[in-house]
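One structure is given here, and the rest of the page talks about it.
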Amino acid sequence: MDMQVSFLDRLFDAGLLIETGVDGLYGRSGQFEDVIAAFERLIDRVGGGDGAEAMRFPPGMNREFFETSGYMKSFPQLAGTVHSFCGSELDHMSLLKCMEVGDDWTAGQEATDIVLTPAACYPLYPTVARRGKISAKGALYDLQSYCFRHEPSKDPARQQLFRMREYVCMGTQQHVTDFRQSWMDRGVEMMKSVGLDVTIDIANDPFFGRAGKMMANNQRDQNLKFELLIPITSTANPTACMSFNYHQDAFGTKWGLNLEDGSVAHTACVGFGLERIALALFHTHGLDVKAWPQEVRATLWG
Ligand code: ATP
Ligand code: ZN
Ligand code: MG
């Protein structure tokens, strides 16, 4: 029998994560949030000179934009929709009756105009498209959002509601692939500066079904996705704490993102998994922040 206390249980015991009764849905302590805030300030210091335009969207997005994005084609298993009660008083009576006897009361809920944001950059593309042509010099955006993915797990690094900080670059192929490379280099340096063990590897998204297998293979063959990995729950299988995605002109075509010369914009995004980075720090340096190495504390808190 495995008597080892899991990392998740140790996080609960230390009060860093707070149980809700749902796998992958946790509260965070002030200490946990303070680590995320400090790491975000480090991101600001590293990326702050690039002149990115900051935008913050709520964790829900326009359902129409979500439909256009094609998310349901690629990742139907991960999506979360927001449904509400839209009925009459009579419907309300039967709803309450239904709940009372323990039947499925959610069947009558109706889709609203909102779906949960699956990645921080999804609300950005239609927003930029609405503004008209993108400068020949390219465009750079700074985003952060809670994201939802229906992937319940006992692994504390796989949550259903988590925060993603992203930089998104739009421009020529050269411009956005340079952007992606520079953040791969910066990401490695940043993680080293807080004492984390990193590797970078090629990766793919979990495209659904048999057709998805081919899309995943294609993504790998074309080097479209890289991940920065850090050990959290396993040293043999380290966890993706950052990802570096080159979309070619797929989003540019889909959303009508054009450069001043009329060409379709290429796009790339770099995402930091903020909870995962905090968990990597707790895993590596211990659950007591006061006992972390002095250099790490200095980098994070000055
Ligand atoms: P994984 O392969 O572990 O599922 P991913 O490829 O789905 O990760 P991305 O879609 O690239 O991840 O999302 C960007 C970043 O968001 C990831 O690098 C990771 O740090 C973080 N992230 C993704 N899914 C989760 C999750 N379920 N819980 C916490 N953080 C996550
Ligand atoms: Zn993105
Ligand atoms: Mg995933």
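Every chain in the structure tokens has a letter given in the order shown (A, B, ...), and although residue numbers restart at 1 in each chain, ligands are simply numbered from 1 in the order shown.
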Residues near region 125-130 of chain A, cut-off 12 Å, only C-alpha atoms, skip fewer than 5 positions along chain, as a PyMOL selection string: chain A and resi 53+55-57+61-69+119-120+135+138-141+143+168-170+250-259+264-269
With C-alpha atoms kept, could you save the residues just selected as an mmCIF file, in the first residue's frame?
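Saved as result_22.cif:
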data_model
loop_
_atom_site.group_PDB
_atom_site.id
_atom_site.type_symbol
_atom_site.label_atom_id
_atom_site.label_comp_id
_atom_site.auth_asym_id
_atom_site.auth_seq_id
_atom_site.Cartn_x
_atom_site.Cartn_y
_atom_site.Cartn_z
ATOM 1 C CA GLU A 53 -0.541 46.586 -24.768
ATOM 2 C CA MET A 55 -5.716 43.936 -21.653
ATOM 3 C CA ARG A 56 -7.592 41.921 -19.056
ATOM 4 C CA PHE A 57 -10.683 39.931 -19.991
ATOM 5 C CA MET A 61 -16.007 35.016 -23.405
ATOM 6 C CA ASN A 62 -18.557 35.774 -26.113
ATOM 7 C CA ARG A 63 -20.039 32.444 -27.211
ATOM 8 C CA GLU A 64 -20.115 33.622 -30.836
ATOM 9 C CA PHE A 65 -16.354 34.221 -30.798
ATOM 10 C CA PHE A 66 -15.839 30.874 -29.123
ATOM 11 C CA GLU A 67 -17.829 29.168 -31.907
ATOM 12 C CA THR A 68 -15.820 30.956 -34.616
ATOM 13 C CA SER A 69 -12.570 29.924 -32.916
ATOM 14 C CA ALA A 119 -7.030 30.093 -23.024
ATOM 15 C CA ALA A 120 -6.205 33.690 -22.181
ATOM 16 C CA SER A 135 0.864 48.027 -38.028
ATOM 17 C CA GLY A 138 3.582 44.149 -35.713
ATOM 18 C CA ALA A 139 1.549 44.168 -32.513
ATOM 19 C CA LEU A 140 2.128 42.816 -29.017
ATOM 20 C CA TYR A 141 -0.398 42.159 -26.233
ATOM 21 C CA LEU A 143 -2.992 39.171 -21.172
ATOM 22 C CA VAL A 168 0.585 37.428 -27.947
ATOM 23 C CA CYS A 169 2.466 38.679 -30.995
ATOM 24 C CA MET A 170 1.036 39.434 -34.442
ATOM 25 C CA ALA A 250 -4.267 30.090 -39.026
ATOM 26 C CA PHE A 251 -5.706 32.648 -36.571
ATOM 27 C CA GLY A 252 -4.904 35.506 -38.961
ATOM 28 C CA THR A 253 -6.993 33.835 -41.654
ATOM 29 C CA LYS A 254 -9.773 32.786 -39.284
ATOM 30 C CA TRP A 255 -10.219 36.224 -37.737
ATOM 31 C CA GLY A 256 -9.251 38.424 -40.687
ATOM 32 C CA LEU A 257 -6.122 39.819 -39.056
ATOM 33 C CA ASN A 258 -4.268 41.732 -41.771
ATOM 34 C CA LEU A 259 -1.087 43.742 -41.804
ATOM 35 C CA VAL A 264 -2.465 37.920 -43.457
ATOM 36 C CA ALA A 265 -0.846 38.264 -40.037
ATOM 37 C CA HIS A 266 1.026 35.380 -38.486
ATOM 38 C CA THR A 267 0.512 34.978 -34.735
ATOM 39 C CA ALA A 268 2.310 33.379 -31.811
ATOM 40 C CA CYS A 269 1.546 33.253 -28.110
#
Find the nearest atom pair between each residue of chain A and ligand 3 for residues within 12 Å, count only C-alpha atoms and all ligand atoms, give distances in Å to one decimal, sort rows by chain and ascending number, and present the table as JSON lines.
{"residue": "A:Ser74", "atom": "CA", "partner": "ligand 3", "partner_atom_place_in_ligand_line": "1 (Mg)", "distance": 11.9}
{"residue": "A:Phe75", "atom": "CA", "partner": "ligand 3", "partner_atom_place_in_ligand_line": "1 (Mg)", "distance": 9.6}
{"residue": "A:Gln77", "atom": "CA", "partner": "ligand 3", "partner_atom_place_in_ligand_line": "1 (Mg)", "distance": 10.7}
{"residue": "A:Leu78", "atom": "CA", "partner": "ligand 3", "partner_atom_place_in_ligand_line": "1 (Mg)", "distance": 8.6}
{"residue": "A:Ala79", "atom": "CA", "partner": "ligand 3", "partner_atom_place_in_ligand_line": "1 (Mg)", "distance": 11.6}
{"residue": "A:Pro118", "atom": "CA", "partner": "ligand 3", "partner_atom_place_in_ligand_line": "1 (Mg)", "distance": 10.2}
{"residue": "A:Ala119", "atom": "CA", "partner": "ligand 3", "partner_atom_place_in_ligand_line": "1 (Mg)", "distance": 10.4}
{"residue": "A:Cys147", "atom": "CA", "partner": "ligand 3", "partner_atom_place_in_ligand_line": "1 (Mg)", "distance": 11.5}
{"residue": "A:Phe148", "atom": "CA", "partner": "ligand 3", "partner_atom_place_in_ligand_line": "1 (Mg)", "distance": 10.8}
{"residue": "A:Arg149", "atom": "CA", "partner": "ligand 3", "partner_atom_place_in_ligand_line": "1 (Mg)", "distance": 8.0}
{"residue": "A:His150", "atom": "CA", "partner": "ligand 3", "partner_atom_place_in_ligand_line": "1 (Mg)", "distance": 9.8}
{"residue": "A:Glu151", "atom": "CA", "partner": "ligand 3", "partner_atom_place_in_ligand_line": "1 (Mg)", "distance": 8.2}
{"residue": "A:Pro152", "atom": "CA", "partner": "ligand 3", "partner_atom_place_in_ligand_line": "1 (Mg)", "distance": 11.3}
{"residue": "A:Ser153", "atom": "CA", "partner": "ligand 3", "partner_atom_place_in_ligand_line": "1 (Mg)", "distance": 11.8}
{"residue": "A:Ala157", "atom": "CA", "partner": "ligand 3", "partner_atom_place_in_ligand_line": "1 (Mg)", "distance": 10.7}
{"residue": "A:Arg158", "atom": "CA", "partner": "ligand 3", "partner_atom_place_in_ligand_line": "1 (Mg)", "distance": 8.3}
{"residue": "A:Gln159", "atom": "CA", "partner": "ligand 3", "partner_atom_place_in_ligand_line": "1 (Mg)", "distance": 10.0}
{"residue": "A:Gln160", "atom": "CA", "partner": "ligand 3", "partner_atom_place_in_ligand_line": "1 (Mg)", "distance": 10.4}
{"residue": "A:Phe162", "atom": "CA", "partner": "ligand 3", "partner_atom_place_in_ligand_line": "1 (Mg)", "distance": 11.8}
{"residue": "A:Ala203", "atom": "CA", "partner": "ligand 3", "partner_atom_place_in_ligand_line": "1 (Mg)", "distance": 10.4}
{"residue": "A:Asn204", "atom": "CA", "partner": "ligand 3", "partner_atom_place_in_ligand_line": "1 (Mg)", "distance": 9.0}
{"residue": "A:Asp205", "atom": "CA", "partner": "ligand 3", "partner_atom_place_in_ligand_line": "1 (Mg)", "distance": 6.5}
{"residue": "A:Pro206", "atom": "CA", "partner": "ligand 3", "partner_atom_place_in_ligand_line": "1 (Mg)", "distance": 6.2}
{"residue": "A:Phe207", "atom": "CA", "partner": "ligand 3", "partner_atom_place_in_ligand_line": "1 (Mg)", "distance": 9.5}
{"residue": "A:Phe208", "atom": "CA", "partner": "ligand 3", "partner_atom_place_in_ligand_line": "1 (Mg)", "distance": 11.4}
{"residue": "A:Glu227", "atom": "CA", "partner": "ligand 3", "partner_atom_place_in_ligand_line": "1 (Mg)", "distance": 11.2}
{"residue": "A:Thr239", "atom": "CA", "partner": "ligand 3", "partner_atom_place_in_ligand_line": "1 (Mg)", "distance": 10.5}
{"residue": "A:Ala240", "atom": "CA", "partner": "ligand 3", "partner_atom_place_in_ligand_line": "1 (Mg)", "distance": 9.0}
{"residue": "A:Cys241", "atom": "CA", "partner": "ligand 3", "partner_atom_place_in_ligand_line": "1 (Mg)", "distance": 11.1}
{"residue": "A:Met242", "atom": "CA", "partner": "ligand 3", "partner_atom_place_in_ligand_line": "1 (Mg)", "distance": 11.6}
{"residue": "A:Ser243", "atom": "CA", "partner": "ligand 3", "partner_atom_place_in_ligand_line": "1 (Mg)", "distance": 10.5}
{"residue": "A:Gly273", "atom": "CA", "partner": "ligand 3", "partner_atom_place_in_ligand_line": "1 (Mg)", "distance": 11.0}
Please save N, CA, C and O atoms of the selected residues as a compact mmCIF listing (two decimals), in the first residue's frame.
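Okay, part38.txt is ready:
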# COMPACT_ATOMS: atom_id res chain seq x y z
N SER A 74 -11.67 21.03 -32.12
CA SER A 74 -10.38 20.48 -31.67
C SER A 74 -10.42 19.92 -30.25
O SER A 74 -9.80 18.90 -29.97
N PHE A 75 -11.12 20.62 -29.34
CA PHE A 75 -11.05 20.26 -27.91
C PHE A 75 -12.43 20.23 -27.25
O PHE A 75 -12.62 20.84 -26.19
N GLN A 77 -13.80 18.11 -25.51
CA GLN A 77 -13.77 17.46 -24.19
C GLN A 77 -13.37 18.42 -23.08
O GLN A 77 -13.58 18.13 -21.91
N LEU A 78 -12.78 19.57 -23.44
CA LEU A 78 -12.26 20.49 -22.43
C LEU A 78 -13.17 21.69 -22.17
O LEU A 78 -13.02 22.38 -21.17
N ALA A 79 -14.10 21.93 -23.09
CA ALA A 79 -14.87 23.17 -23.04
C ALA A 79 -15.86 23.21 -21.89
O ALA A 79 -16.37 22.18 -21.45
N PRO A 118 -11.15 29.31 -22.58
CA PRO A 118 -10.28 28.14 -22.52
C PRO A 118 -8.78 28.48 -22.52
O PRO A 118 -7.97 27.68 -22.06
N ALA A 119 -8.43 29.63 -23.04
CA ALA A 119 -7.03 30.09 -23.02
C ALA A 119 -7.08 31.61 -23.07
O ALA A 119 -7.97 32.19 -23.72
N CYS A 147 -8.68 30.56 -16.77
CA CYS A 147 -9.11 29.73 -17.88
C CYS A 147 -9.78 28.49 -17.32
O CYS A 147 -9.40 28.01 -16.24
N PHE A 148 -10.75 27.97 -18.05
CA PHE A 148 -11.42 26.74 -17.64
C PHE A 148 -11.08 25.61 -18.60
O PHE A 148 -11.11 25.79 -19.83
N ARG A 149 -10.75 24.45 -18.08
CA ARG A 149 -10.64 23.25 -18.89
C ARG A 149 -11.21 22.09 -18.09
O ARG A 149 -10.83 21.88 -16.93
N HIS A 150 -12.12 21.34 -18.72
CA HIS A 150 -12.74 20.22 -18.03
C HIS A 150 -11.78 19.04 -18.05
O HIS A 150 -11.86 18.17 -18.93
N GLU A 151 -10.83 19.06 -17.11
CA GLU A 151 -9.89 17.95 -16.98
C GLU A 151 -9.63 17.70 -15.50
O GLU A 151 -8.53 17.90 -15.02
N PRO A 152 -10.69 17.22 -14.77
CA PRO A 152 -10.55 16.97 -13.35
C PRO A 152 -9.43 15.98 -13.08
O PRO A 152 -9.27 15.01 -13.82
N SER A 153 -8.64 16.24 -12.04
CA SER A 153 -7.48 15.41 -11.75
C SER A 153 -7.07 15.60 -10.30
O SER A 153 -7.36 16.63 -9.68
N ALA A 157 -1.26 20.11 -10.29
CA ALA A 157 -0.82 20.91 -11.42
C ALA A 157 -1.81 20.85 -12.58
O ALA A 157 -1.62 21.54 -13.59
N ARG A 158 -2.84 20.03 -12.46
CA ARG A 158 -3.87 19.98 -13.50
C ARG A 158 -5.19 20.42 -12.88
O ARG A 158 -5.89 19.63 -12.27
N GLN A 159 -5.48 21.70 -12.99
CA GLN A 159 -6.67 22.26 -12.38
C GLN A 159 -7.73 22.55 -13.45
O GLN A 159 -7.42 22.57 -14.64
N GLN A 160 -8.95 22.76 -13.01
CA GLN A 160 -10.02 23.07 -13.97
C GLN A 160 -10.17 24.58 -14.16
O GLN A 160 -10.62 25.02 -15.21
N PHE A 162 -7.71 27.86 -13.68
CA PHE A 162 -6.34 28.27 -13.38
C PHE A 162 -6.02 29.52 -14.19
O PHE A 162 -6.75 29.85 -15.13
N ALA A 203 6.06 19.82 -28.29
CA ALA A 203 4.80 19.35 -27.69
C ALA A 203 3.66 19.41 -28.70
O ALA A 203 3.84 19.89 -29.82
N ASN A 204 2.51 18.89 -28.27
CA ASN A 204 1.31 19.02 -29.10
C ASN A 204 0.10 19.22 -28.20
O ASN A 204 0.12 18.88 -27.02
N ASP A 205 -0.96 19.77 -28.76
CA ASP A 205 -2.20 19.95 -28.03
C ASP A 205 -3.02 18.66 -28.10
O ASP A 205 -2.85 17.86 -29.02
N PRO A 206 -3.90 18.43 -27.11
CA PRO A 206 -4.67 17.18 -27.05
C PRO A 206 -5.89 17.22 -27.97
O PRO A 206 -7.03 17.14 -27.51
N PHE A 207 -5.66 17.31 -29.29
CA PHE A 207 -6.76 17.33 -30.27
C PHE A 207 -7.61 16.09 -30.10
O PHE A 207 -7.10 14.98 -29.92
N PHE A 208 -8.92 16.26 -30.20
CA PHE A 208 -9.88 15.19 -29.92
C PHE A 208 -9.97 14.17 -31.06
O PHE A 208 -9.97 14.53 -32.23
N GLU A 227 7.19 23.39 -25.06
CA GLU A 227 6.83 23.57 -23.66
C GLU A 227 8.10 23.68 -22.82
O GLU A 227 9.11 23.05 -23.13
N THR A 239 6.28 18.80 -15.61
CA THR A 239 5.02 19.46 -15.99
C THR A 239 5.28 20.70 -16.84
O THR A 239 6.22 21.47 -16.57
N ALA A 240 4.43 20.91 -17.84
CA ALA A 240 4.54 22.11 -18.69
C ALA A 240 4.14 23.34 -17.89
O ALA A 240 2.99 23.47 -17.48
N CYS A 241 5.10 24.24 -17.67
CA CYS A 241 4.81 25.46 -16.92
C CYS A 241 4.74 26.68 -17.83
O CYS A 241 4.26 27.74 -17.42
N MET A 242 5.27 26.55 -19.04
CA MET A 242 5.11 27.59 -20.05
C MET A 242 4.89 26.88 -21.38
O MET A 242 5.37 25.77 -21.57
N SER A 243 4.18 27.53 -22.30
CA SER A 243 4.12 27.00 -23.65
C SER A 243 4.34 28.11 -24.65
O SER A 243 4.07 29.30 -24.37
N GLY A 273 1.83 29.27 -17.07
CA GLY A 273 0.83 28.67 -16.19
C GLY A 273 1.15 29.10 -14.77
O GLY A 273 2.07 28.58 -14.14
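Minimum distance to Val296 (chain A) across A:Tyr122, A:Phe272, A:Tyr146, A:Phe39 (counting only C-alpha atoms) occurs at A:Phe39.
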Backbone-only DSSP, strand (DSSP E or B) members of region 172-215 of chain A, as a PyMOL selection string: chain A and resi 199-202
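With only C-alpha atoms and all ligand atoms as the atoms that count, the residue of A:Arg276, A:Lys137, A:Arg186, A:Arg28 with the shortest distance to ligand 1 is A:Arg276.
Taking only C-alpha atoms, the non-local environment of Leu196 (chain A) within 8 Å (same-chain residues fewer than 6 positions away omitted) comprises A:Ile230, A:Ala280, A:Leu281, A:Thr284.
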What does the file look like for those residues with N, CA and C atoms, as a short mmCIF file (atom, residue, chain, number, x, y, z; two decimals), in the first residue's frame?
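Written out: result_22.cif:
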data_model
loop_
_atom_site.label_atom_id
_atom_site.label_comp_id
_atom_site.auth_asym_id
_atom_site.auth_seq_id
_atom_site.Cartn_x
_atom_site.Cartn_y
_atom_site.Cartn_z
N ILE A 230 9.02 21.59 -15.90
CA ILE A 230 9.65 21.62 -14.57
C ILE A 230 9.04 20.49 -13.75
N ALA A 280 5.60 24.61 -8.77
CA ALA A 280 6.99 24.20 -9.01
C ALA A 280 7.90 24.80 -7.96
N LEU A 281 7.64 26.07 -7.60
CA LEU A 281 8.46 26.72 -6.56
C LEU A 281 8.25 26.02 -5.21
N THR A 284 9.94 22.57 -5.31
CA THR A 284 11.41 22.62 -5.35
C THR A 284 12.00 23.16 -4.04
#
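Residues lying within 10 Å of Ser193 (chain A), counting only C-alpha atoms and ignoring same-chain neighbours fewer than 5 positions away, are A:Leu42, A:Gly187, A:Val188, A:Glu295, A:Val296, A:Ala298, A:Thr299, A:Leu300.
Atom 12 (O, counted along the ligand's line) of ligand 1 lies 20.8 Å from CA of Gly27 (chain A).
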Quick check for you: according to DSSP on this backbone, which residues of region 8-257 of chain A are classed as alpha helix (DSSP H)? Reply as a JSON list (two decimals) with C-alpha atoms, in the first residue's frame.
[["chain", "number", "residue", "atom", "x", "y", "z"],
["A", 8, "LEU", "CA", -1.89, 17.68, -3.14],
["A", 9, "ASP", "CA", -2.58, 16.54, 0.45],
["A", 10, "ARG", "CA", 0.53, 18.33, 1.67],
["A", 11, "LEU", "CA", -0.65, 21.52, -0.06],
["A", 12, "PHE", "CA", -4.05, 21.17, 1.63],
["A", 13, "ASP", "CA", -2.42, 20.47, 5.01],
["A", 30, "GLY", "CA", -2.73, 34.55, 0.69],
["A", 31, "GLN", "CA", 0.76, 33.03, 0.66],
["A", 32, "PHE", "CA", 0.07, 31.13, -2.57],
["A", 33, "GLU", "CA", -1.29, 34.30, -4.19],
["A", 34, "ASP", "CA", 1.72, 36.29, -2.98],
["A", 35, "VAL", "CA", 4.03, 33.89, -4.85],
["A", 36, "ILE", "CA", 1.98, 34.30, -8.03],
["A", 37, "ALA", "CA", 1.97, 38.09, -7.65],
["A", 38, "ALA", "CA", 5.75, 38.12, -7.15],
["A", 39, "PHE", "CA", 6.29, 35.92, -10.20],
["A", 40, "GLU", "CA", 4.03, 38.15, -12.29],
["A", 41, "ARG", "CA", 6.15, 41.15, -11.26],
["A", 42, "LEU", "CA", 9.18, 39.21, -12.53],
["A", 43, "ILE", "CA", 7.35, 38.67, -15.83],
["A", 44, "ASP", "CA", 6.62, 42.41, -15.91],
["A", 45, "ARG", "CA", 10.31, 43.24, -15.38],
["A", 46, "VAL", "CA", 11.43, 40.87, -18.16],
["A", 47, "GLY", "CA", 8.71, 41.72, -20.68],
["A", 63, "ARG", "CA", -20.04, 32.44, -27.21],
["A", 64, "GLU", "CA", -20.12, 33.62, -30.84],
["A", 65, "PHE", "CA", -16.35, 34.22, -30.80],
["A", 66, "PHE", "CA", -15.84, 30.87, -29.12],
["A", 67, "GLU", "CA", -17.83, 29.17, -31.91],
["A", 68, "THR", "CA", -15.82, 30.96, -34.62],
["A", 69, "SER", "CA", -12.57, 29.92, -32.92],
["A", 71, "TYR", "CA", -12.51, 25.16, -30.22],
["A", 72, "MET", "CA", -15.33, 22.57, -30.36],
["A", 73, "LYS", "CA", -13.70, 20.98, -33.41],
["A", 74, "SER", "CA", -10.38, 20.48, -31.67],
["A", 89, "GLU", "CA", -42.75, 30.57, -12.66],
["A", 90, "LEU", "CA", -44.23, 27.22, -13.60],
["A", 91, "ASP", "CA", -40.85, 26.02, -14.86],
["A", 92, "HIS", "CA", -39.36, 27.26, -11.59],
["A", 93, "MET", "CA", -41.81, 25.09, -9.62],
["A", 94, "SER", "CA", -40.82, 21.97, -11.53],
["A", 95, "LEU", "CA", -37.14, 22.92, -11.22],
["A", 96, "LEU", "CA", -37.43, 23.02, -7.42],
["A", 97, "LYS", "CA", -39.40, 19.79, -7.38],
["A", 98, "CYS", "CA", -36.73, 18.20, -9.54],
["A", 99, "MET", "CA", -33.98, 19.30, -7.11],
["A", 100, "GLU", "CA", -35.99, 18.10, -4.14],
["A", 124, "LEU", "CA", -8.03, 38.84, -28.09],
["A", 125, "TYR", "CA", -8.15, 37.87, -31.78],
["A", 126, "PRO", "CA", -11.70, 39.11, -32.53],
["A", 127, "THR", "CA", -10.97, 42.23, -30.48],
["A", 128, "VAL", "CA", -7.90, 43.09, -32.55],
["A", 129, "ALA", "CA", -9.66, 42.16, -35.80],
["A", 130, "ARG", "CA", -12.38, 44.72, -35.06],
["A", 173, "GLN", "CA", 6.35, 35.08, -39.87],
["A", 174, "GLN", "CA", 9.86, 36.29, -39.03],
["A", 175, "HIS", "CA", 8.60, 38.77, -36.46],
["A", 176, "VAL", "CA", 6.43, 36.32, -34.52],
["A", 177, "THR", "CA", 8.88, 33.40, -34.66],
["A", 178, "ASP", "CA", 11.64, 35.73, -33.33],
["A", 179, "PHE", "CA", 9.23, 36.75, -30.56],
["A", 180, "ARG", "CA", 8.62, 33.13, -29.67],
["A", 181, "GLN", "CA", 12.33, 32.27, -29.65],
["A", 182, "SER", "CA", 13.20, 35.23, -27.46],
["A", 183, "TRP", "CA", 10.61, 34.14, -24.86],
["A", 184, "MET", "CA", 11.93, 30.58, -24.91],
["A", 185, "ASP", "CA", 15.35, 31.99, -23.98],
["A", 186, "ARG", "CA", 13.86, 34.40, -21.44],
["A", 187, "GLY", "CA", 11.68, 31.68, -19.92],
["A", 188, "VAL", "CA", 14.65, 29.42, -19.27],
["A", 189, "GLU", "CA", 16.60, 32.31, -17.70],
["A", 190, "MET", "CA", 13.65, 33.36, -15.53],
["A", 191, "MET", "CA", 13.07, 29.86, -14.16],
["A", 192, "LYS", "CA", 16.79, 29.46, -13.46],
["A", 193, "SER", "CA", 16.76, 32.80, -11.62],
["A", 209, "GLY", "CA", -10.43, 11.87, -31.63],
["A", 210, "ARG", "CA", -8.79, 10.05, -34.50],
["A", 211, "ALA", "CA", -8.58, 13.08, -36.80],
["A", 212, "GLY", "CA", -7.02, 14.87, -33.84],
["A", 213, "LYS", "CA", -4.12, 12.41, -33.81],
["A", 214, "MET", "CA", -3.14, 13.65, -37.25],
["A", 215, "MET", "CA", -3.42, 17.28, -36.20],
["A", 216, "ALA", "CA", -1.22, 16.58, -33.19],
["A", 217, "ASN", "CA", 1.38, 14.83, -35.38],
["A", 218, "ASN", "CA", 1.32, 17.71, -37.83],
["A", 219, "GLN", "CA", 1.80, 20.21, -34.98],
["A", 220, "ARG", "CA", 4.87, 18.28, -33.83],
["A", 221, "ASP", "CA", 6.32, 17.79, -37.31],
["A", 250, "ALA", "CA", -4.27, 30.09, -39.03],
["A", 251, "PHE", "CA", -5.71, 32.65, -36.57],
["A", 252, "GLY", "CA", -4.90, 35.51, -38.96],
["A", 253, "THR", "CA", -6.99, 33.84, -41.65],
["A", 254, "LYS", "CA", -9.77, 32.79, -39.28],
["A", 255, "TRP", "CA", -10.22, 36.22, -37.74]]
For ligand 1, the nearest of the candidates A:His83, A:Arg165, A:His285, A:His247, counting only C-alpha atoms and all ligand atoms: A:Arg165
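Put simply, CA of Gln144 (chain A) is 19.3 Å away from CA of Gly24 (chain A).
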Point-to-point distance in Å for CA of Leu116 (chain A) and CA of Phe226 (chain A): 24.8 Å
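Among the candidates A:Gln222, A:Gly302, A:Ser88, A:Val270, the one nearest to Met164 (chain A) when counting only C-alpha atoms is A:Val270.
Nearest residue to ligand 1, choosing from A:Phe7, A:Phe244, A:Phe85, A:Trp105 and counting only C-alpha atoms and all ligand atoms: A:Phe244.
Closest to ligand 1 among A:Val82, A:Leu279, A:Ile232, A:Leu274 is A:Leu274, based on only C-alpha atoms and all ligand atoms.
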